[in-house]
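For reference, the structure discussed in these notes is given below.
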Protein chains: 2
Amino acid sequence: MTQTLNLISIYTPVKAGLDLVPGIIEETLRTPSVRLEEVIRYFFSKNGKLLRPALLLLGGGIARSLAQEAGIISERQETAELHLAAATEIFHAATLIHDDIIDSAPIRRGLPSLHVKWGPQTAVLAGDFMHDRAVVTIFRYGNDRITPLFLKTAGEICEGEVQELGEKNNINLTEEVHFEILRKKTASLLACALQTGALVWGIEEKKFEALGRYGYSFGMAFQIIDDYLDFAGRESEFGKTLGSDLEEGVYTLPVIRGLASAERDRVVRILHARSHGKRFSMLKKLLQKTGALSYAREKAADFIARAKLELDVFPESGFKTSLLALADYVIQRER
Amino acid sequence: MTQTLNLISIYTPVKAGLDLVPGIIEETLRTPSVRLEEVIRYFFSKNGKLLRPALLLLGGGIARSLAQEAGIISERQETAELHLAAATEIFHAATLIHDDIIDSAPIRRGLPSLHVKWGPQTAVLAGDFMHDRAVVTIFRYGNDRITPLFLKTAGEICEGEVQELGEKNNINLTEEVHFEILRKKTASLLACALQTGALVWGIEEKKFEALGRYGYSFGMAFQIIDDYLDFAGRESEFGKTLGSDLEEGVYTLPVIRGLASAERDRVVRILHARSHGKRFSMLKKLLQKTGALSYAREKAADFIARAKLELDVFPESGFKTSLLALADYVIQRER
């Protein structure tokens with residue numbers, strides 16, 4: 001399995017806009033507080049994949065080219081699109097910062113997490129600040145459909161987090177409930193970003209829903225692969241500590257599948273064992289042996305196939321090609 | 001100084017509505033997570049003063065009686081008013097929970113703070129959840145003027161918190177900057193609650209602004225008295241640990257005034273001293289001696305006088321009488 005696709009080439013059709021996003025993020029988060037500014041600069045020093053802004057601009061690109069045929073394009077919409085793209089990334093960053101506190105995660109993007117580096121107090125405040133700026137931006141640049149969609153999504157993310165908390169250490173967690181959590185925690189914001197871009201330019205209802213379903217399936221695959229790589233990836237490539245979900249009692253798809261296998265008892269014994277060092281590598285081997293790891297990868301591939309099918313309703317365009325390539329990228333990525 | 005006024009009698013004109021608020025809060029925060037439900041029940045087990053819902057209903061009462069004369073009353077507005085009242089309290093609670101993490105405050109309403117009792121992880125999540133539900137409620141029941149006002153206020157509260165963080169341990173903090181922080185952190189939400197109630201029923205611009213100015217002055221006095229009682233109050237009556245602001249390097253008005261007195265050097269020495277036990281009582285005595293404590297009380301009284309003047313534009317009513325009494329209550333309270 002080689003890294004045949006890379007994000008830079010996939011993002012090409014929206015490169016012009018996407019290049020402006022980090023500057024808008026910086027501008028949106030400007031604050032007179034020297035401390036907070038330092039914290040924000042630290043967080044964004046390692047750029048993430050900018051996946052949400054990219055999806056927003058791709059959804060926007062598709063809707064815009066349809067609108068262009070009808071001749072309805074305004075500069076105001078272009079500005080709105082870029083600020084909304086920045087807002088989705090800021091919102092996502094705020095979520096990550098609080099999640100890292102909630103999950104006691106030590107590392108983010110290869111650097112110590114904010115709560116480790118600056119203490120939980122500053123991390124809570126930084127997350128609140130960024131969350132707040134994101135909501136204000138959405139409200140300022142969104143429209144009657146974007147703002148409610150975004151607020152609904154913010155609510156779902158939080159519900160997903162709450163539900164995940166409730167399912168910690170539950171060895172009877174079903175795949176169905178787990179998928180529901182993934183939908184809320186991860187897929188909803190990816191779908192929302194894509195749909196928000198489309199709503200900037202206006203889009204017919206059927207196509208709006210197709211984008212939502214692409215975003216959902218894409219998001220599910222994205223998170224499943226993330227969790228799969230937690231076991232199958234090399235830590236140095238992945239930038240997070242392996243096994244941190246496990247340490248927190250959060251059971252992801254490979255574990256859930258392992259618990260449903262003939263080796264259930266051994267999996268349970270490992271999950272309930274005290275020491276972590278050995279525990280993780282033992283579990284990893286067992287999940288490989290029972291086929292739970294490859295099962296997770298197949299599930300992700302199924303979601304990706306479904307995501308790609310949803311794009312059939314759109315005419316060919318560079319944006320559509322990117323969304324198809326992005327789908328393939330997700331299951332090919334190794335970090 | 002005796003407690004001649006009590007909140008129950010002051011709240012009488014809005015009692016019918018206010019009695020419904022705790023139930024609506026509970027309903028709004030319902031969640032399938034057993035853990036989170038327990039946390040929420042714990043937090044609301046000691047009811048606060050419900051000051052923000054009360055202000056919202058008082059502002060609503062004033063505007064409604066003006067609207068009633070014009071004959072424009074709907075059941076939809078009554079429902080909206082109650083849900084918005086609940087939302088302000090939920091939003092405030094979310095802020096308190098995160099603030100207590102940010103300020104490492106051990107006690108809230110006489111009970112261990114959420115982050116002490118349940119750990120910072122759960123406290124972050126509970127705050128996020130409550131914040132989110134408040135915003136969703138505002139969006140659902142607010143109107144074109146209420147939602148932007150609320151989001152602006154949420155932004156100001158966060159900015160105030162950020163600014164406070166930046167001024168920690170600053171012995172040259174000016175009264176002006178300190179008041180700016182109080183305006184953002186405390187007064188803005190109190191003014192917002194009052195104005196939100198009025199906006200449910202619609203109100204002429206001049207009266208809307210008068211309510212805002214009452215809310216601002218009232219809020220400033222409220223916070224100054226809170227900080228004054230941190231030095232002058234008895235801990236058992238106050239329900240917070242005395243001197244916790246001091247321990248965190250947050251300098252409130254009595255300290256700022258003491259630093260501006262002839263005893264500045266002694267105040268600085270105490271602030272920079274290591275041990276806390278003695279430090280606090282020494283500082284308290286010094287602030288008494290320099291008149292810094294009584295200065296803070298006078299400042300609060302000035303704000304209260306200004307707040308009451310703002311009510312002159314309103315015709316006599318039970319709601320107006322309550323707002324006048326509430327103003328007096330704030331400087332008479334001992335906890």
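Order determines the names: the first chain of the structure tokens is A, the second B, and so forth; residues in each chain are numbered 1 upward, and ligands are numbered 1 upward as they are shown.
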Give me, as an MDAnalysis selection string, the residues of segment 78-196 of chain A that a backbone DSSP run labels helix (DSSP H, G or I).
chainID A and resid 78:102 114:118 120:141 146:166 175:196
Where does chain A meet chain B within 9 Å, residue by residue, with the nearest atom pair and distance in Å to one decimal for each, counting only C-alpha atoms, listed by chain and rising number, as a tab-separated table?
residue	atom	partner	partner_atom	distance
A:Thr31	CA	B:Glu159	CA	8.3
A:Pro32	CA	B:Gln163	CA	7.6
A:Ser33	CA	B:Gly166	CA	5.6
A:Val34	CA	B:Gly166	CA	7.0
A:Arg35	CA	B:Gly166	CA	6.6
A:Leu36	CA	B:Val162	CA	7.3
A:His98	CA	B:Val124	CA	6.9
A:Asp99	CA	B:Leu125	CA	8.3
A:Asp100	CA	B:Gln121	CA	8.8
A:Ile101	CA	B:Gln121	CA	5.7
A:Ile102	CA	B:Gln121	CA	4.0
A:Asp103	CA	B:Gln121	CA	7.1
A:Ser104	CA	B:Gln121	CA	7.6
A:Pro120	CA	B:Ile102	CA	7.5
A:Gln121	CA	B:Ile102	CA	4.0
A:Thr122	CA	B:Ile102	CA	6.6
A:Ala123	CA	B:Ile102	CA	8.6
A:Val124	CA	B:His98	CA	6.8
A:Leu125	CA	B:Ile102	CA	6.9
A:Ala126	CA	B:Val162	CA	8.5
A:Asp128	CA	B:Cys158	CA	7.2
A:Phe129	CA	B:Cys158	CA	6.0
A:Asp132	CA	B:Gly155	CA	6.1
A:Arg133	CA	B:Gly155	CA	7.2
A:Val135	CA	B:Leu151	CA	8.0
A:Val136	CA	B:Leu151	CA	6.6
A:Phe139	CA	B:Pro148	CA	8.0
A:Pro148	CA	B:Phe139	CA	8.0
A:Leu151	CA	B:Val136	CA	6.6
A:Lys152	CA	B:Val136	CA	7.7
A:Ala154	CA	B:Asp132	CA	7.3
A:Gly155	CA	B:Asp132	CA	6.1
A:Cys158	CA	B:Phe129	CA	6.0
A:Glu159	CA	B:Phe129	CA	7.5
A:Glu161	CA	B:Leu125	CA	7.8
A:Val162	CA	B:Ser33	CA	6.4
A:Gln163	CA	B:Ser33	CA	6.1
A:Leu165	CA	B:Ser33	CA	7.8
A:Gly166	CA	B:Ser33	CA	5.5
A:Glu167	CA	B:Ser33	CA	8.8
Take the residues that were just selected and, keeping N, CA and C atoms, output them as a short mmCIF file (atom, residue, chain, number, x, y, z; two decimals), in the first residue's frame.
data_model
loop_
_atom_site.label_atom_id
_atom_site.label_comp_id
_atom_site.auth_asym_id
_atom_site.auth_seq_id
_atom_site.Cartn_x
_atom_site.Cartn_y
_atom_site.Cartn_z
N THR A 31 -6.32 38.66 19.26
CA THR A 31 -6.73 39.03 20.62
C THR A 31 -5.65 39.88 21.27
N PRO A 32 -6.07 40.82 22.12
CA PRO A 32 -5.06 41.62 22.82
C PRO A 32 -4.28 40.82 23.87
N SER A 33 -4.75 39.63 24.21
CA SER A 33 -4.06 38.84 25.23
C SER A 33 -2.80 38.18 24.65
N VAL A 34 -1.66 38.59 25.17
CA VAL A 34 -0.37 38.05 24.70
C VAL A 34 -0.34 36.54 24.92
N ARG A 35 -0.78 36.11 26.09
CA ARG A 35 -0.78 34.70 26.44
C ARG A 35 -1.62 33.87 25.47
N LEU A 36 -2.84 34.32 25.28
CA LEU A 36 -3.75 33.57 24.42
C LEU A 36 -3.23 33.54 22.99
N HIS A 98 -10.68 20.92 23.62
CA HIS A 98 -11.48 20.42 24.74
C HIS A 98 -11.48 18.89 24.78
N ASP A 99 -11.56 18.27 23.62
CA ASP A 99 -11.52 16.79 23.57
C ASP A 99 -10.24 16.25 24.18
N ASP A 100 -9.14 16.92 23.89
CA ASP A 100 -7.87 16.45 24.43
C ASP A 100 -7.85 16.54 25.95
N ILE A 101 -8.54 17.54 26.49
CA ILE A 101 -8.66 17.60 27.96
C ILE A 101 -9.54 16.45 28.41
N ILE A 102 -10.71 16.32 27.76
CA ILE A 102 -11.69 15.31 28.16
C ILE A 102 -11.09 13.90 28.08
N ASP A 103 -10.29 13.67 27.03
CA ASP A 103 -9.70 12.33 26.83
C ASP A 103 -8.30 12.20 27.42
N SER A 104 -7.83 13.22 28.14
CA SER A 104 -6.45 13.22 28.68
C SER A 104 -5.42 12.86 27.62
N PRO A 120 -4.69 22.83 32.07
CA PRO A 120 -6.09 22.72 31.65
C PRO A 120 -6.83 24.06 31.68
N GLN A 121 -6.46 24.94 32.60
CA GLN A 121 -7.16 26.23 32.69
C GLN A 121 -7.10 26.97 31.38
N THR A 122 -5.85 27.16 30.90
CA THR A 122 -5.66 27.91 29.66
C THR A 122 -6.30 27.17 28.48
N ALA A 123 -6.22 25.85 28.50
CA ALA A 123 -6.79 25.07 27.40
C ALA A 123 -8.31 25.22 27.35
N VAL A 124 -8.96 25.23 28.51
CA VAL A 124 -10.42 25.43 28.54
C VAL A 124 -10.76 26.80 27.95
N LEU A 125 -10.04 27.81 28.40
CA LEU A 125 -10.31 29.17 27.95
C LEU A 125 -10.05 29.32 26.45
N ALA A 126 -8.93 28.78 25.99
CA ALA A 126 -8.59 28.88 24.56
C ALA A 126 -9.67 28.21 23.72
N ASP A 128 -12.85 27.72 24.57
CA ASP A 128 -14.05 28.56 24.64
C ASP A 128 -13.93 29.76 23.71
N PHE A 129 -12.78 30.38 23.75
CA PHE A 129 -12.53 31.57 22.93
C PHE A 129 -12.69 31.24 21.44
N ASP A 132 -16.25 30.34 20.48
CA ASP A 132 -17.04 31.55 20.43
C ASP A 132 -16.80 32.34 19.15
N ARG A 133 -15.53 32.47 18.77
CA ARG A 133 -15.23 33.22 17.55
C ARG A 133 -15.79 32.51 16.32
N VAL A 135 -18.54 30.63 16.24
CA VAL A 135 -19.99 30.85 16.20
C VAL A 135 -20.31 32.26 15.72
N VAL A 136 -19.57 33.24 16.21
CA VAL A 136 -19.79 34.63 15.79
C VAL A 136 -19.58 34.77 14.28
N PHE A 139 -22.39 33.19 12.37
CA PHE A 139 -23.58 34.03 12.45
C PHE A 139 -23.44 35.25 11.54
N PRO A 148 -28.59 27.69 11.24
CA PRO A 148 -29.23 26.56 11.94
C PRO A 148 -28.52 25.22 11.70
N LEU A 151 -25.49 25.18 13.98
CA LEU A 151 -25.84 25.02 15.40
C LEU A 151 -26.31 23.60 15.69
N LYS A 152 -27.06 23.03 14.75
CA LYS A 152 -27.51 21.64 14.91
C LYS A 152 -26.28 20.73 14.99
N ALA A 154 -23.17 21.55 15.84
CA ALA A 154 -22.44 21.78 17.09
C ALA A 154 -23.10 20.98 18.21
N GLY A 155 -24.42 20.96 18.22
CA GLY A 155 -25.16 20.21 19.21
C GLY A 155 -24.90 18.71 19.09
N CYS A 158 -21.45 17.67 20.41
CA CYS A 158 -21.44 17.62 21.86
C CYS A 158 -22.19 16.39 22.37
N GLU A 159 -23.33 16.10 21.77
CA GLU A 159 -24.08 14.89 22.15
C GLU A 159 -23.24 13.63 21.93
N GLU A 161 -20.05 13.36 22.01
CA GLU A 161 -19.02 13.33 23.06
C GLU A 161 -19.63 12.80 24.37
N VAL A 162 -20.83 13.29 24.66
CA VAL A 162 -21.52 12.87 25.88
C VAL A 162 -21.82 11.37 25.83
N GLN A 163 -22.30 10.94 24.67
CA GLN A 163 -22.64 9.53 24.49
C GLN A 163 -21.38 8.66 24.61
N LEU A 165 -18.75 9.28 26.32
CA LEU A 165 -18.42 9.24 27.75
C LEU A 165 -19.23 8.15 28.46
N GLY A 166 -20.52 8.09 28.11
CA GLY A 166 -21.43 7.13 28.75
C GLY A 166 -21.10 5.69 28.39
N GLU A 167 -20.45 5.50 27.24
CA GLU A 167 -20.15 4.14 26.77
C GLU A 167 -18.73 3.69 27.14
#
Find the residues around segment 179-186 of chain A up to 12 Å (only C-alpha atoms counted), leave out those fewer than 3 positions away in its own chain, and share them as a ChimeraX atom specification.
/A:51-52,92,95-96,99,152-168,173-176,189-193,212-213,215-227,250-253,256,296,299-300,303
Would you please give, as a PyMOL selection string, all residues of segment 96-302 of chain A that DSSP assigns to strand (DSSP E or B) based on the backbone?
chain A and resi 107-108+111-112
Writer output for current selection, N, CA and C atoms, as an mmCIF file, in the first residue's frame:
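Result file follows (again-v9.cif):
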data_model
loop_
_atom_site.group_PDB
_atom_site.id
_atom_site.type_symbol
_atom_site.label_atom_id
_atom_site.label_comp_id
_atom_site.auth_asym_id
_atom_site.auth_seq_id
_atom_site.Cartn_x
_atom_site.Cartn_y
_atom_site.Cartn_z
ATOM 1 N N ILE A 107 -0.768 14.174 23.273
ATOM 2 C CA ILE A 107 -0.131 14.693 22.056
ATOM 3 C C ILE A 107 -1.169 15.047 21.006
ATOM 4 N N ARG A 108 -0.933 16.136 20.285
ATOM 5 C CA ARG A 108 -1.806 16.558 19.187
ATOM 6 C C ARG A 108 -0.911 17.077 18.078
ATOM 7 N N LEU A 111 2.798 17.478 18.740
ATOM 8 C CA LEU A 111 3.267 18.356 19.820
ATOM 9 C C LEU A 111 2.478 18.040 21.091
ATOM 10 N N PRO A 112 3.038 18.372 22.269
ATOM 11 C CA PRO A 112 2.251 18.201 23.493
ATOM 12 C C PRO A 112 0.909 18.942 23.373
#
